[in-house]
Amino acid sequence: TMVLGTPGSGKSFSVYGPFIEQMIAKGYSMFVYDYKFPDLTEVVYNEYLGNLNNYDVLPEFCVINFNDPTRSLRCNPLNPKYITDPADTTEIAELVMLNVNKAAVEKEDFFTLSAKVYLDALIWFLKLYEDGRYCTFPHVIELMAQDYKIVFKILAKYPELHAKIKPFANALEGGAQDQLQGQIASAQIPLNKFVSPSLYWVLSGDDFTLDINDPKHPKILCVGNDPDRQAIYGTTLALYTSRMFKLINHKKKQKCGVLLDEVPTIYLKGLDNLIAIGSVREITQVKDITHFQRLSASLPF
């Protein structure tokens with residue numbers, strides 16, 4: 001279900017509220033992207049408290065709140081168990097760079113592509129190193145801030161990374177220092193804004209898993225954004241959402257609702273595919289006409 005309307009027209013009251021009420025009453029697990037946290041989260045929580053007896057297995061109520069980490073659970077979207085193939089890190093790198101640079105959705109240049117490849121290589125390295133002990137988004141940012149010459153010496157020791165770092169290694173060996181520094185900076189500069197104690201804390205733990213519709217361990221997960229910090233929180237929340245999409249769309253899972261408030265505020269790779277073939281129920285609130293046209297063009301009708 002796609003809901004479009006001007007601000008104050010009653011979308012949340014007339015559509016979101018009844019959907020939340022009926023889904024929880026029917027025992028659904030749920031994911032809620034709450035753009036103006038905690039508006040929708042409070043509605044979900046109160047409905048949850050009023051329907052505890054409607055679940056065969058009581059779901060865990062989980063909240064991600066970057067503004068107040070003391071009231072947030074921790075979850076690592078780059079947990080090694082979610083990364084099983086080099087293609088996964090490629091997708092993660094693309095998702096991150098597209099969220100920090102919306103213009104790259106329409107047009108990619110040399111430095112944008114270089115940033116994706118470098119980020120891809122670092123994530124896959126952390127996945128391999130000590131069985132993924134340090135494979136978190138904060139560790140990726142801190143590793144990227146180190147001297148690139150030292151980093152490439154370390155990466156070169158891993159045969160699995162040779163193909164990913166070959167363009168950078170060639171530039172380093174060929175003496176193209178200015179070009180190489182520009183390539184590295186194209187990844188470093190956009191990610192510097194994520195250096196935050198609260199973000200690091202929430203993104204580096206594992207209090208719950210993202211398979212929210214596991215029949216044995218269902219969850220109701222609310223993730224909160226903040227309009228004042230949309231550019232920062234939106235990228236990290238997109239990481240959660242994209243990982244969650246891959247886990248919920250399988251057979252023999254519990255019925256699951258996915259509610260995305262103000263979806264143009266984050267770039268979600270795979271959203272069109274989930275709508276086209278997913279067995280979940282979606283509410284997508286769209287106000288950006290360009291995003292709507294791109295989204296609707298992929299639908300199977």
# chains A, B, ... in the order shown; residues from 1 in each chain; ligands from 1
call {"tool": "select_by_dssp", "arguments": {"residues": "region 21-86 of chain A", "states": "strand (DSSP E or B)", "output": "ChimeraX atom specification"}}
result
/A:29-34,60-65,75
call {"tool": "residues_around", "arguments": {"residues": "Cys75 (chain A)", "least_positions_apart": "4", "cutoff": "7 Å", "atoms": "only C-alpha atoms", "output": "ChimeraX atom specification"}}
result
/A:202-208
call {"tool": "residues_around", "arguments": {"residues": "Lys246 (chain A)", "least_positions_apart": "3", "cutoff": "12 Å", "atoms": "only C-alpha atoms", "output": "CSV table (one decimal) with C-alpha atoms, in the first residue's frame"}}
result
chain,number,residue,atom,x,y,z
A,77,PRO,CA,24.1,-4.5,10.5
A,82,TYR,CA,24.9,-11.4,7.4
A,83,ILE,CA,27.9,-11.3,5.0
A,88,ASP,CA,27.2,-8.7,-0.1
A,91,GLU,CA,26.0,-4.1,-2.2
A,210,LEU,CA,17.4,-8.6,12.2
A,211,ASP,CA,15.5,-11.8,11.3
A,212,ILE,CA,12.4,-10.2,12.8
A,213,ASN,CA,9.9,-12.7,11.5
A,239,LEU,CA,21.9,-0.4,6.4
A,240,TYR,CA,19.5,-2.0,8.9
A,241,THR,CA,16.6,-1.9,6.5
A,242,SER,CA,18.5,-3.5,3.6
A,243,ARG,CA,19.9,-6.3,5.7
A,249,ASN,CA,11.5,-12.6,2.5
A,250,HIS,CA,11.6,-16.4,2.9
A,268,LEU,CA,16.8,1.6,0.0
A,269,LYS,CA,18.4,-0.8,-2.5
A,270,GLY,CA,16.0,-3.7,-3.3
A,271,LEU,CA,12.8,-2.0,-2.2
A,273,ASN,CA,12.1,-6.1,-5.6
A,274,LEU,CA,10.6,-6.6,-2.2
A,278,GLY,CA,7.7,-10.1,-1.3
call {"tool": "residues_around", "arguments": {"residues": "Glu142 (chain A)", "least_positions_apart": "5", "cutoff": "12 Å", "atoms": "only C-alpha atoms", "output": "PDB file with C-alpha atoms, in the first residue's frame"}}
result
ATOM      1  CA  LEU A 119      34.758   0.789   1.005  1.00  0.00           C
ATOM      2  CA  LEU A 122      37.643  -2.597   3.690  1.00  0.00           C
ATOM      3  CA  ILE A 123      34.376  -4.276   4.719  1.00  0.00           C
ATOM      4  CA  LEU A 126      37.121  -6.842   8.312  1.00  0.00           C
ATOM      5  CA  TYR A 134      35.878  -6.112  14.152  1.00  0.00           C
ATOM      6  CA  CYS A 135      33.400  -6.164  11.277  1.00  0.00           C
ATOM      7  CA  THR A 136      31.287  -3.145  12.233  1.00  0.00           C
ATOM      8  CA  PHE A 137      30.523   0.169  10.549  1.00  0.00           C
ATOM      9  CA  ASP A 147      47.350   5.965   6.403  1.00  0.00           C
ATOM     10  CA  TYR A 148      46.293   4.381   3.109  1.00  0.00           C
ATOM     11  CA  VAL A 151      46.237  -0.121   4.873  1.00  0.00           C
ATOM     12  CA  GLN A 188      36.818   9.325   3.558  1.00  0.00           C
ATOM     13  CA  LEU A 191      31.970   9.096   5.968  1.00  0.00           C
ATOM     14  CA  ASN A 192      33.629  11.515   8.393  1.00  0.00           C
ATOM     15  CA  LYS A 193      30.225  12.802   9.467  1.00  0.00           C
ATOM     16  CA  PHE A 194      29.429   9.421  11.026  1.00  0.00           C
ATOM     17  CA  VAL A 195      32.133   9.804  13.674  1.00  0.00           C
ATOM     18  CA  SER A 196      29.896   9.980  16.735  1.00  0.00           C
ATOM     19  CA  TYR A 200      29.420   3.973  17.281  1.00  0.00           C
TER      20      TYR A 200
END
call {"tool": "residues_around", "arguments": {"residues": "Asp56 (chain A)", "least_positions_apart": "5", "cutoff": "10 Å", "atoms": "only C-alpha atoms", "output": "list in words"}}
result
Gly27, Pro215 and Lys216 of chain A
call {"tool": "write_last_selection", "arguments": {"atoms": "N, CA and C atoms", "output": "JSON list (two decimals), in the first residue's frame"}}
result
[["chain", "number", "residue", "atom", "x", "y", "z"],
["A", 27, "GLY", "N", -1.22, -10.81, 15.25],
["A", 27, "GLY", "CA", -0.01, -11.53, 15.61],
["A", 27, "GLY", "C", 1.15, -11.36, 14.64],
["A", 215, "PRO", "N", 9.81, -17.41, 13.31],
["A", 215, "PRO", "CA", 8.68, -17.88, 14.13],
["A", 215, "PRO", "C", 9.06, -18.21, 15.57],
["A", 216, "LYS", "N", 10.31, -18.62, 15.80],
["A", 216, "LYS", "CA", 10.73, -18.97, 17.15],
["A", 216, "LYS", "C", 11.18, -17.75, 17.96]]
call {"tool": "closest_residue", "arguments": {"among": "A:Cys256, A:Val15, A:Leu237, A:Leu113", "to": "Ala93 (chain A)", "atoms": "only C-alpha atoms"}}
result
A:Leu113
call {"tool": "select_by_dssp", "arguments": {"residues": "region 9-174 of chain A", "states": "alpha helix (DSSP H)", "output": "ChimeraX atom specification"}}
result
/A:11,17-25,39-50,86-100,110-128,137-144,148-155,162-173
call {"tool": "residues_around", "arguments": {"residues": "Thr84 (chain A)", "least_positions_apart": "4", "cutoff": "10 Å", "atoms": "only C-alpha atoms", "output": "list of chain:residue names"}}
result
A:Pro80, A:Asp88, A:Thr89, A:Trp124, A:Lys127
call {"tool": "closest_residue", "arguments": {"among": "A:Thr6, A:Gln254, A:Thr112, A:Gln179", "to": "Val57 (chain A)", "atoms": "only C-alpha atoms"}}
result
A:Gln254
call {"tool": "residues_around", "arguments": {"residues": "Glu42 (chain A)", "least_positions_apart": "3", "cutoff": "12 Å", "atoms": "only C-alpha atoms", "output": "PyMOL selection string"}}
result
chain A and resi 17+20+32+34+36-39+45-49+61+63+222-224
call {"tool": "write_last_selection", "arguments": {"atoms": "N, CA and C atoms", "output": "short mmCIF file (atom, residue, chain, number, x, y, z; two decimals), in the first residue's frame"}}
result
data_model
loop_
_atom_site.label_atom_id
_atom_site.label_comp_id
_atom_site.auth_asym_id
_atom_site.auth_seq_id
_atom_site.Cartn_x
_atom_site.Cartn_y
_atom_site.Cartn_z
N GLY A 17 -2.33 4.19 11.64
CA GLY A 17 -2.87 3.72 12.92
C GLY A 17 -3.67 2.43 12.78
N ILE A 20 -1.41 -0.59 11.88
CA ILE A 20 -0.64 -1.05 13.03
C ILE A 20 -1.53 -1.84 13.98
N VAL A 32 9.23 -0.95 11.65
CA VAL A 32 8.69 0.40 11.46
C VAL A 32 9.85 1.38 11.36
N ASP A 34 10.48 4.97 11.65
CA ASP A 34 9.77 6.10 12.26
C ASP A 34 10.59 7.37 12.01
N LYS A 36 9.84 10.60 12.31
CA LYS A 36 9.76 11.60 13.38
C LYS A 36 9.62 10.87 14.72
N PHE A 37 10.62 10.09 15.03
CA PHE A 37 10.64 9.29 16.26
C PHE A 37 10.36 10.19 17.48
N PRO A 38 9.48 9.76 18.42
CA PRO A 38 8.87 8.43 18.55
C PRO A 38 7.38 8.39 18.19
N ASP A 39 6.92 9.20 17.25
CA ASP A 39 5.49 9.31 16.96
C ASP A 39 4.85 7.95 16.69
N TYR A 45 3.98 0.58 20.32
CA TYR A 45 4.22 0.02 21.65
C TYR A 45 2.92 -0.14 22.44
N ASN A 46 2.05 0.84 22.35
CA ASN A 46 0.79 0.75 23.08
C ASN A 46 -0.11 -0.35 22.52
N GLU A 47 -0.12 -0.52 21.20
CA GLU A 47 -0.87 -1.62 20.60
C GLU A 47 -0.27 -2.97 21.01
N TYR A 48 1.05 -3.01 21.07
CA TYR A 48 1.76 -4.23 21.50
C TYR A 48 1.36 -4.61 22.92
N LEU A 49 1.32 -3.64 23.82
CA LEU A 49 0.94 -3.91 25.21
C LEU A 49 -0.50 -4.39 25.32
N PHE A 61 10.23 -6.60 21.77
CA PHE A 61 10.06 -5.22 21.29
C PHE A 61 11.42 -4.54 21.28
N VAL A 63 14.02 -1.30 19.87
CA VAL A 63 14.07 0.09 19.40
C VAL A 63 15.51 0.48 19.11
N CYS A 222 11.36 -1.03 15.87
CA CYS A 222 11.13 0.36 15.47
C CYS A 222 12.48 1.07 15.42
N VAL A 223 12.79 1.67 14.28
CA VAL A 223 14.03 2.43 14.13
C VAL A 223 13.69 3.90 13.94
N GLY A 224 14.36 4.75 14.69
CA GLY A 224 14.00 6.16 14.70
C GLY A 224 14.96 7.06 13.97
#
call {"tool": "closest_residue", "arguments": {"among": "A:Ala145, A:Ile154, A:Ile165, A:Ala87", "to": "Tyr118 (chain A)", "atoms": "only C-alpha atoms"}}
result
A:Ile165
call {"tool": "closest_residue", "arguments": {"among": "A:Lys164, A:Lys252, A:His217, A:Lys81", "to": "Lys116 (chain A)", "atoms": "only C-alpha atoms"}}
result
A:Lys164
call {"tool": "atom_distance", "arguments": {"atom1": "CA of Asp226 (chain A)", "atom2": "CA of Thr41 (chain A)"}}
result
13.1 Å
call {"tool": "closest_atom_pairs", "arguments": {"of": "region 150-234 of chain A", "to": "region 261-267 of chain A", "cutoff": "10 Å", "atoms": "only C-alpha atoms", "output": "Markdown table"}}
result
| residue | atom | partner | partner_atom | distance |
| --- | --- | --- | --- | --- |
| A:Asn225 | CA | A:Thr265 | CA | 9.3 |
| A:Pro227 | CA | A:Thr265 | CA | 9.0 |
| A:Gln230 | CA | A:Thr265 | CA | 7.1 |
| A:Ala231 | CA | A:Thr265 | CA | 8.1 |
| A:Tyr233 | CA | A:Ile266 | CA | 9.1 |
| A:Gly234 | CA | A:Ile266 | CA | 5.3 |
